[in-house]
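Q: So that we are looking at the same thing, I have put the structure below in structure tokens.
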Amino acid sequence: MNDVELVSRLSKVYADLRAEIGKVIVGQERVIEHLLIALLSRGHCLLVGVPGLAKTLLIKTLAEALELKFSRIQFTPDLMPSDITGTEIIEENVATGGKAFKFVQGPVFANIVLADEINRTPPKTQAALLEAMQEHHVTAAGQTYSLQEPFFVLATQNPIEQEGTYPLPEAQLDRFMFNLWLDYPSFKEEVAIVKATTSPYMPHLNRILSAKEIIDFQDLIRRVPVADNVIEYAVTLVDRTRPTVSTAPDFIKNWIRWGAGPRASQYLILGAKTRAVLSGRHTPDLEDVKTLAPPVLRHRIVTSFNAEAEGVSAIQIIERLVRESGS
């Protein structure tokens with residue numbers, strides 16, 4: 001199958017996948033789209049939302065529809081790095097009577113890993129997961145163990161309870177492709193949710209994609225061509241978030257202390273490529289970059305005291321920057 005046929009196939013698969021997830025999840029369509037974009041771009045997602053918005057159910061449903069191994073890690077203050085990556089145990093050989101070390105894989109050895117409330121665990125444990133996200137392998141007792149592909153991490157945070165938490169540093173936040181905020185459902189959506197979850201109906205999900213097909217589609221995304229003006233627009237947009245550059249608007253210099261790094265430009269283009277292909281198009285345009293700017297940039301800019309004093313949020317700054325950046 002050539003690349004043109006693969007684009008057409010992925011566009012159809014995407015529609016089927018949305019339909020399957022819709023059997024279980026009501027609403028959250030933009031979040032579902034962004035999750036699939038991140039997966040196909042080989043990125044990871046940070047989900048922020050109050051309890052009860054079906055974050056865990058959404059991710060489990062996605063894993064089931066994709067025929068992928070799912071693992072959930074509940075982060076707590078006493079969680080150790082080995083609780084995530086795995087540990088060595090002494091095993092006795094019944095036949096010979098000898099003893100040897102055996103590595104027992106931790107929950108990170110899965111295709112889709114849900115890191116629930118990642119900010120509830122100390123930095124040392126956070127770093128163990130973030131290293132696995134970046135390197136796609138785990139090192140224990142000097143031995144390196146590769147993680148299964150595709151490898152997709154979704155970390156959640158509760159924006160309300162901040163007491164006793166360990167916020168992720170900016171350098172670690174930067175490893176997430178998207179920062180997705182889950183909103184409350186609309187009235188109609190909540191009615192549908194209550195009807196579905198208080199009845200005995202259990203939907204059956206069809207398997208839409210296998211791990212090998214996902215890897216093939218991830219490779220396809222890398223081959224998608226991008227016009228120079230689209231890349232230049234993405235880099236210009238990211239560059240203008242930096243208050244120290246001469247082209248930064250006055251409101252950026254007033255409201256932002258630190259701007260986004262080069263990884264933001266890379267993820268804007270990868271995300272734009274994926275969004276285009278999911279829509280059946282063979283190359284991304286400026287609109288794809290503009291649409292993905294909020295989830296890519298939200299966690300990569302550090303607002304100043306002036307912004308906090310004036311009640312201006314990071315997302316408002318990004319939306320204004322996109323509006324004023326033109327084409």
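Residues in the structure tokens are named by chain (A, B, ... in the order shown) and by number from 1 within that chain; ligands are numbered from 1 in the order shown.
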Show me, as JSON, numbers by chain, the residues that have an atom within 9 Å of Leu58 in chain A when counting only C-alpha atoms, minus same-chain residues fewer than 6 positions from it.
A: {"A": [21, 24, 25, 32]}
Q: Can you spit out the residues from that selection as a PDB file, in the first residue's frame, using N, CA and C atoms?
A:
```pdb
ATOM      1  N   ILE A  21     -15.259   4.672  20.134  1.00  0.00           N
ATOM      2  CA  ILE A  21     -15.071   5.372  21.413  1.00  0.00           C
ATOM      3  C   ILE A  21     -16.366   6.058  21.834  1.00  0.00           C
ATOM      4  N   VAL A  24     -18.901   4.523  24.282  1.00  0.00           N
ATOM      5  CA  VAL A  24     -18.655   4.565  25.731  1.00  0.00           C
ATOM      6  C   VAL A  24     -18.553   5.997  26.246  1.00  0.00           C
ATOM      7  N   ILE A  25     -17.842   6.840  25.495  1.00  0.00           N
ATOM      8  CA  ILE A  25     -17.554   8.208  25.944  1.00  0.00           C
ATOM      9  C   ILE A  25     -18.516   9.186  25.278  1.00  0.00           C
ATOM     10  N   ILE A  32     -10.442  13.638  22.380  1.00  0.00           N
ATOM     11  CA  ILE A  32     -10.203  12.362  21.686  1.00  0.00           C
ATOM     12  C   ILE A  32      -9.337  12.589  20.453  1.00  0.00           C
TER      13      ILE A  32
END
```
Q: Neighbours of range 321-325 of chain A within 8 Å (only C-alpha atoms; same-chain residues fewer than 5 positions away dropped), as an NGL selection string?
A: :A and (237 or 290 or 293)
Q: Go ahead and save the picked residues with N, CA and C atoms, as a PDB file, in the first residue's frame.
A:
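Result file follows (result-v3.pdb):
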```
ATOM      1  N   LEU A 237       5.783  31.527  15.325  1.00  0.00           N
ATOM      2  CA  LEU A 237       4.811  31.569  16.427  1.00  0.00           C
ATOM      3  C   LEU A 237       5.501  31.235  17.753  1.00  0.00           C
ATOM      4  N   LYS A 290      -2.374  26.546  13.796  1.00  0.00           N
ATOM      5  CA  LYS A 290      -3.103  27.464  14.687  1.00  0.00           C
ATOM      6  C   LYS A 290      -4.006  26.693  15.651  1.00  0.00           C
ATOM      7  N   ALA A 293      -1.931  25.089  18.459  1.00  0.00           N
ATOM      8  CA  ALA A 293      -1.073  25.971  19.264  1.00  0.00           C
ATOM      9  C   ALA A 293      -1.443  25.968  20.755  1.00  0.00           C
TER      10      ALA A 293
END
```
Q: For Glu20 in chain A, which residue among A:Asn206, A:Asn2, A:Gln148, A:Asn158 is the nearest when counting only C-alpha atoms?
A: A:Asn206
Q: Using only C-alpha atoms, which residues sit within 6 Å of Phe75 in chain A once same-chain residues fewer than 3 positions away are excluded, as a list in words?
A: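 Final neighbour list, sorted by chain and number: Asp116, Glu117, Ile118, Arg120 and Thr121 of chain A.
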Q: So, counting only C-alpha atoms, which residue among A:Thr76, A:Ser279, A:Asn119, A:Gln143 is closest to Phe101 in chain A?
A: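 Result for the nearest residue to Phe101 in chain A: A:Gln143.
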Q: Would you please extract all alpha helix (DSSP H) residues from range 43-272 of chain A, as assigned by DSSP on the backbone, and give them as a ChimeraX atom specification?
A: /A:55-65,81-85,123-135,170-173,187-197,211-223,228-239,250-255,262-272
Q: Provide the CA of Lys124 in chain A to CA of Leu154 in chain A distance in Å, to one decimal place.
A: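 Separating CA of Lys124 in chain A from CA of Leu154 in chain A is a distance of 18.5 Å.
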Q: Name the closest residue to Phe109 in chain A among the candidates A:Ala272, A:Ala140, A:Leu130, A:Leu147; distances are taken between atoms, counting only C-alpha atoms.
A: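 Answer, going by the shortest atom-to-atom distance: A:Leu147.
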Q: Using only C-alpha atoms, find the one residue out of A:Glu319, A:Arg298, A:Val238, A:Gly22 that sits nearest to Glu170 in chain A.
A: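 Closest candidate: A:Arg298.
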Q: Which is closer to Glu67 in chain A than all the others in A:Ala100, A:Leu129, A:Ala110, A:Ala141, using only C-alpha atoms?
A: A:Ala110
Q: What's around Ile37 in chain A at 8 Å? Count only C-alpha atoms, leave out sequence neighbours fewer than 4 positions away in its own chain, and write the answer as a ChimeraX atom specification.
A: /A:33,41,271,274-275
Q: Would you mind exporting the chosen residues as a PDB file, in the first residue's frame, restricted to N, CA and C atoms?
A:
```pdb
ATOM      1  N   GLU A  33      -9.654  13.631  19.683  1.00  0.00           N
ATOM      2  CA  GLU A  33      -8.852  13.956  18.496  1.00  0.00           C
ATOM      3  C   GLU A  33      -7.397  14.220  18.877  1.00  0.00           C
ATOM      4  N   SER A  41       1.774  10.791  16.533  1.00  0.00           N
ATOM      5  CA  SER A  41       2.973  11.638  16.431  1.00  0.00           C
ATOM      6  C   SER A  41       4.103  11.135  17.318  1.00  0.00           C
ATOM      7  N   GLY A 271       2.114  17.516  14.917  1.00  0.00           N
ATOM      8  CA  GLY A 271       0.675  17.518  15.161  1.00  0.00           C
ATOM      9  C   GLY A 271      -0.107  17.991  13.946  1.00  0.00           C
ATOM     10  N   THR A 274      -0.286  15.200  11.388  1.00  0.00           N
ATOM     11  CA  THR A 274      -1.233  14.154  11.789  1.00  0.00           C
ATOM     12  C   THR A 274      -2.669  14.632  11.622  1.00  0.00           C
ATOM     13  N   ARG A 275      -2.937  15.861  12.036  1.00  0.00           N
ATOM     14  CA  ARG A 275      -4.296  16.406  11.906  1.00  0.00           C
ATOM     15  C   ARG A 275      -4.730  16.440  10.440  1.00  0.00           C
TER      16      ARG A 275
END
```
Q: Using only C-alpha atoms, which of A:Ser71, A:Ser199, A:Thr156, A:Ser8 sits nearest Pro51 in chain A?
A: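 Looking only at the distances to Pro51 in chain A, the closest residue turns out to be A:Thr156.
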Q: Skip Leu297 in chain A itself and residues of its chain fewer than 6 positions away, then list as a PyMOL selection string all residues within 12 Å of it, counting only C-alpha atoms.
A: chain A and resi 170+173-180+234+237-242+258-268+289-291+303+314-319+321-322
